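Engineer: One file is attached below, final.tsv, containing TSV, N, CA and C atoms.
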chain	number	residue	atom	x	y	z
A	1	MET	N	37.87	-3.51	-7.83
A	1	MET	CA	36.66	-3.98	-7.20
A	1	MET	C	35.65	-4.45	-8.23
A	2	PRO	N	34.96	-5.56	-7.98
A	2	PRO	CA	33.95	-6.04	-8.93
A	2	PRO	C	32.71	-5.14	-8.91
A	3	LYS	N	32.13	-5.02	-10.07
A	3	LYS	CA	30.91	-4.23	-10.19
A	3	LYS	C	29.74	-4.99	-9.57
A	4	SER	N	28.82	-4.24	-9.04
A	4	SER	CA	27.60	-4.85	-8.49
A	4	SER	C	26.71	-5.28	-9.65
A	5	THR	N	26.15	-6.47	-9.55
A	5	THR	CA	25.28	-6.97	-10.63
A	5	THR	C	23.81	-6.85	-10.25
A	6	ARG	N	23.54	-6.21	-9.12
A	6	ARG	CA	22.15	-6.06	-8.71
A	6	ARG	C	21.44	-5.05	-9.60
A	7	ALA	N	20.16	-5.31	-9.82
A	7	ALA	CA	19.35	-4.38	-10.62
A	7	ALA	C	19.15	-3.10	-9.83
A	8	PRO	N	19.01	-1.98	-10.52
A	8	PRO	CA	18.79	-0.73	-9.80
A	8	PRO	C	17.47	-0.81	-9.01
A	9	ALA	N	17.51	-0.34	-7.78
A	9	ALA	CA	16.33	-0.38	-6.91
A	9	ALA	C	15.31	0.66	-7.36
A	10	ARG	N	14.05	0.29	-7.28
A	10	ARG	CA	12.99	1.27	-7.54
A	10	ARG	C	12.96	2.22	-6.36
A	11	SER	N	12.50	3.41	-6.61
A	11	SER	CA	12.39	4.33	-5.49
A	11	SER	C	11.24	3.87	-4.60
A	12	ILE	N	11.34	4.19	-3.35
A	12	ILE	CA	10.30	3.81	-2.40
A	12	ILE	C	8.96	4.38	-2.85
A	13	ARG	N	8.96	5.55	-3.41
A	13	ARG	CA	7.74	6.19	-3.86
A	13	ARG	C	7.03	5.33	-4.91
A	14	ASP	N	7.76	4.75	-5.84
A	14	ASP	CA	7.16	3.90	-6.87
A	14	ASP	C	6.46	2.70	-6.25
A	15	ILE	N	7.11	2.10	-5.27
A	15	ILE	CA	6.53	0.95	-4.59
A	15	ILE	C	5.26	1.36	-3.85
A	16	ASP	N	5.31	2.50	-3.16
A	16	ASP	CA	4.14	2.98	-2.43
A	16	ASP	C	2.95	3.18	-3.36
A	17	VAL	N	3.21	3.70	-4.53
A	17	VAL	CA	2.13	3.93	-5.50
A	17	VAL	C	1.55	2.61	-5.99
A	18	LEU	N	2.41	1.62	-6.26
A	18	LEU	CA	1.92	0.31	-6.70
A	18	LEU	C	1.05	-0.35	-5.62
A	19	ILE	N	1.48	-0.27	-4.37
A	19	ILE	CA	0.72	-0.85	-3.28
A	19	ILE	C	-0.61	-0.12	-3.13
A	20	ARG	N	-0.57	1.21	-3.20
A	20	ARG	CA	-1.79	2.02	-3.10
A	20	ARG	C	-2.81	1.58	-4.14
A	21	GLU	N	-2.36	1.43	-5.36
A	21	GLU	CA	-3.27	1.06	-6.44
A	21	GLU	C	-3.88	-0.31	-6.21
A	22	ARG	N	-3.07	-1.26	-5.73
A	22	ARG	CA	-3.58	-2.62	-5.48
A	22	ARG	C	-4.59	-2.64	-4.33
A	23	ILE	N	-4.32	-1.89	-3.26
A	23	ILE	CA	-5.26	-1.84	-2.14
A	23	ILE	C	-6.61	-1.34	-2.61
A	24	ARG	N	-6.61	-0.25	-3.34
A	24	ARG	CA	-7.86	0.34	-3.82
A	24	ARG	C	-8.56	-0.61	-4.80
A	25	GLU	N	-7.80	-1.19	-5.71
A	25	GLU	CA	-8.34	-2.11	-6.71
A	25	GLU	C	-9.05	-3.30	-6.04
A	26	ILE	N	-8.39	-3.91	-5.09
A	26	ILE	CA	-8.96	-5.07	-4.41
A	26	ILE	C	-10.18	-4.67	-3.58
A	27	ARG	N	-10.09	-3.53	-2.91
A	27	ARG	CA	-11.21	-3.06	-2.10
A	27	ARG	C	-12.45	-2.85	-2.96
A	28	ILE	N	-12.30	-2.20	-4.09
A	28	ILE	CA	-13.42	-1.93	-4.98
A	28	ILE	C	-13.94	-3.23	-5.60
A	29	GLU	N	-13.04	-4.10	-6.00
A	29	GLU	CA	-13.41	-5.39	-6.58
A	29	GLU	C	-14.28	-6.21	-5.62
A	30	LYS	N	-13.93	-6.16	-4.33
A	30	LYS	CA	-14.67	-6.93	-3.33
A	30	LYS	C	-15.85	-6.15	-2.75
A	31	ARG	N	-16.05	-4.94	-3.28
A	31	ARG	CA	-17.17	-4.07	-2.86
A	31	ARG	C	-17.18	-3.81	-1.36
A	32	LEU	N	-16.00	-3.45	-0.84
A	32	LEU	CA	-15.86	-3.13	0.57
A	32	LEU	C	-15.60	-1.64	0.73
A	33	SER	N	-16.09	-1.07	1.81
A	33	SER	CA	-15.83	0.34	2.10
A	33	SER	C	-14.48	0.46	2.79
A	34	GLN	N	-13.99	1.68	2.85
A	34	GLN	CA	-12.73	1.92	3.55
A	34	GLN	C	-12.89	1.60	5.03
A	35	ALA	N	-14.07	1.87	5.58
A	35	ALA	CA	-14.34	1.56	6.99
A	35	ALA	C	-14.29	0.06	7.24
A	36	GLU	N	-14.84	-0.73	6.33
A	36	GLU	CA	-14.83	-2.19	6.48
A	36	GLU	C	-13.41	-2.74	6.42
A	37	ILE	N	-12.62	-2.22	5.50
A	37	ILE	CA	-11.22	-2.66	5.40
A	37	ILE	C	-10.46	-2.26	6.67
A	38	GLY	N	-10.67	-1.02	7.10
A	38	GLY	CA	-10.01	-0.54	8.31
A	38	GLY	C	-10.33	-1.39	9.52
A	39	GLU	N	-11.60	-1.75	9.67
A	39	GLU	CA	-12.02	-2.58	10.79
A	39	GLU	C	-11.34	-3.96	10.73
A	40	ALA	N	-11.24	-4.51	9.52
A	40	ALA	CA	-10.65	-5.83	9.35
A	40	ALA	C	-9.16	-5.85	9.72
A	41	VAL	N	-8.46	-4.76	9.46
A	41	VAL	CA	-7.01	-4.74	9.75
A	41	VAL	C	-6.67	-3.97	11.02
A	42	GLY	N	-7.70	-3.39	11.66
A	42	GLY	CA	-7.48	-2.73	12.94
A	42	GLY	C	-6.98	-1.31	12.85
A	43	VAL	N	-7.34	-0.60	11.79
A	43	VAL	CA	-7.00	0.83	11.68
A	43	VAL	C	-8.26	1.59	11.30
A	44	SER	N	-8.20	2.91	11.41
A	44	SER	CA	-9.37	3.73	11.08
A	44	SER	C	-9.53	3.85	9.56
A	45	PHE	N	-10.73	4.24	9.14
A	45	PHE	CA	-10.94	4.42	7.71
A	45	PHE	C	-10.09	5.57	7.18
A	46	GLN	N	-9.79	6.56	8.04
A	46	GLN	CA	-8.92	7.66	7.61
A	46	GLN	C	-7.53	7.14	7.26
A	47	GLN	N	-7.06	6.14	8.02
A	47	GLN	CA	-5.75	5.57	7.74
A	47	GLN	C	-5.78	4.84	6.39
A	48	ILE	N	-6.87	4.14	6.10
A	48	ILE	CA	-7.01	3.48	4.80
A	48	ILE	C	-6.99	4.52	3.69
A	49	GLN	N	-7.66	5.65	3.90
A	49	GLN	CA	-7.63	6.74	2.90
A	49	GLN	C	-6.19	7.18	2.66
A	50	LYS	N	-5.42	7.33	3.72
A	50	LYS	CA	-4.03	7.76	3.58
A	50	LYS	C	-3.21	6.72	2.83
A	51	TYR	N	-3.46	5.44	3.10
A	51	TYR	CA	-2.76	4.38	2.38
A	51	TYR	C	-3.09	4.45	0.89
A	52	GLU	N	-4.38	4.64	0.58
A	52	GLU	CA	-4.80	4.67	-0.83
A	52	GLU	C	-4.27	5.89	-1.56
A	53	ARG	N	-4.02	6.98	-0.88
A	53	ARG	CA	-3.45	8.17	-1.51
A	53	ARG	C	-1.92	8.13	-1.48
A	54	ALA	N	-1.36	7.12	-0.83
A	54	ALA	CA	0.09	6.98	-0.63
A	54	ALA	C	0.64	8.14	0.18
A	55	ALA	N	-0.20	8.73	1.03
A	55	ALA	CA	0.26	9.78	1.94
A	55	ALA	C	1.04	9.15	3.09
A	56	ASN	N	0.64	7.95	3.48
A	56	ASN	CA	1.34	7.17	4.51
A	56	ASN	C	1.75	5.84	3.90
A	57	ARG	N	2.85	5.31	4.40
A	57	ARG	CA	3.28	3.99	3.96
A	57	ARG	C	2.60	2.94	4.81
A	58	ILE	N	2.31	1.81	4.24
A	58	ILE	CA	1.66	0.72	4.96
A	58	ILE	C	2.72	-0.32	5.31
A	59	SER	N	2.67	-0.81	6.54
A	59	SER	CA	3.68	-1.78	6.95
A	59	SER	C	3.35	-3.16	6.38
A	60	ALA	N	4.36	-3.97	6.28
A	60	ALA	CA	4.19	-5.32	5.77
A	60	ALA	C	3.27	-6.13	6.68
A	61	SER	N	3.35	-5.90	7.98
A	61	SER	CA	2.51	-6.66	8.90
A	61	SER	C	1.04	-6.29	8.73
A	62	THR	N	0.74	-5.05	8.37
A	62	THR	CA	-0.65	-4.65	8.12
A	62	THR	C	-1.16	-5.27	6.83
A	63	LEU	N	-0.28	-5.37	5.83
A	63	LEU	CA	-0.69	-5.99	4.58
A	63	LEU	C	-1.05	-7.44	4.81
Kindly present the structure from the file in structure tokens form.
Structural biologist:
Amino acid sequence: MPKSTRAPARSIRDIDVLIRERIREIRIEKRLSQAEIGEAVGVSFQQIQKYERAANRISASTL
């Protein structure tokens, strides 16, 4: 059987952390509160907090 030439996949946790960092970075850069971001995407500010802590994963459609 031929060997797979695909690069090893990053763990989902690594991706979640990268997304978390970018969400927070952009929010702070644009001087928006978690409540303002939540309102814009249709979720509560608590959900934004969870996304920023990577406690919950954020869906692609929300991004």
Engineer: Could you check how far atom CA of Leu63 of chain A sits from atom CA of Arg31 of chain A, in Å to one decimal?
Structural biologist: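 So the answer is 18.2 Å.
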Engineer: Among chain A, which residues does DSSP mark as helix (DSSP H, G or I) when it is run on the backbone? Keep the chain and numbering as in the structure and answer as an MDAnalysis selection string.
Structural biologist: chainID A and resid 12:29 34:41 45:53
Engineer: Mind giving me the straight-line distance from atom CA of Arg53 of chain A to atom CA of Asp16 of chain A in Å, one decimal?
Structural biologist: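 Atom-to-atom, atom CA of Arg53 of chain A to atom CA of Asp16 of chain A, that is 9.2 Å.
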Engineer: Expressed in Å to a single decimal, how great is the separation between atom C of Arg57 of chain A and atom CA of Ile19 of chain A?
Structural biologist: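 About the pair atom C of Arg57 of chain A and atom CA of Ile19 of chain A: they are 9.1 Å apart.
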Engineer: Counting only C-alpha atoms, what is within 9 Å of Ile23 of chain A, bar same-chain residues fewer than 4 positions away, as a list of chain:residue names?
Structural biologist: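 The filter keeps A:Leu18, A:Ile19, A:Arg27, A:Ile28, A:Ile48, A:Tyr51, A:Glu52.
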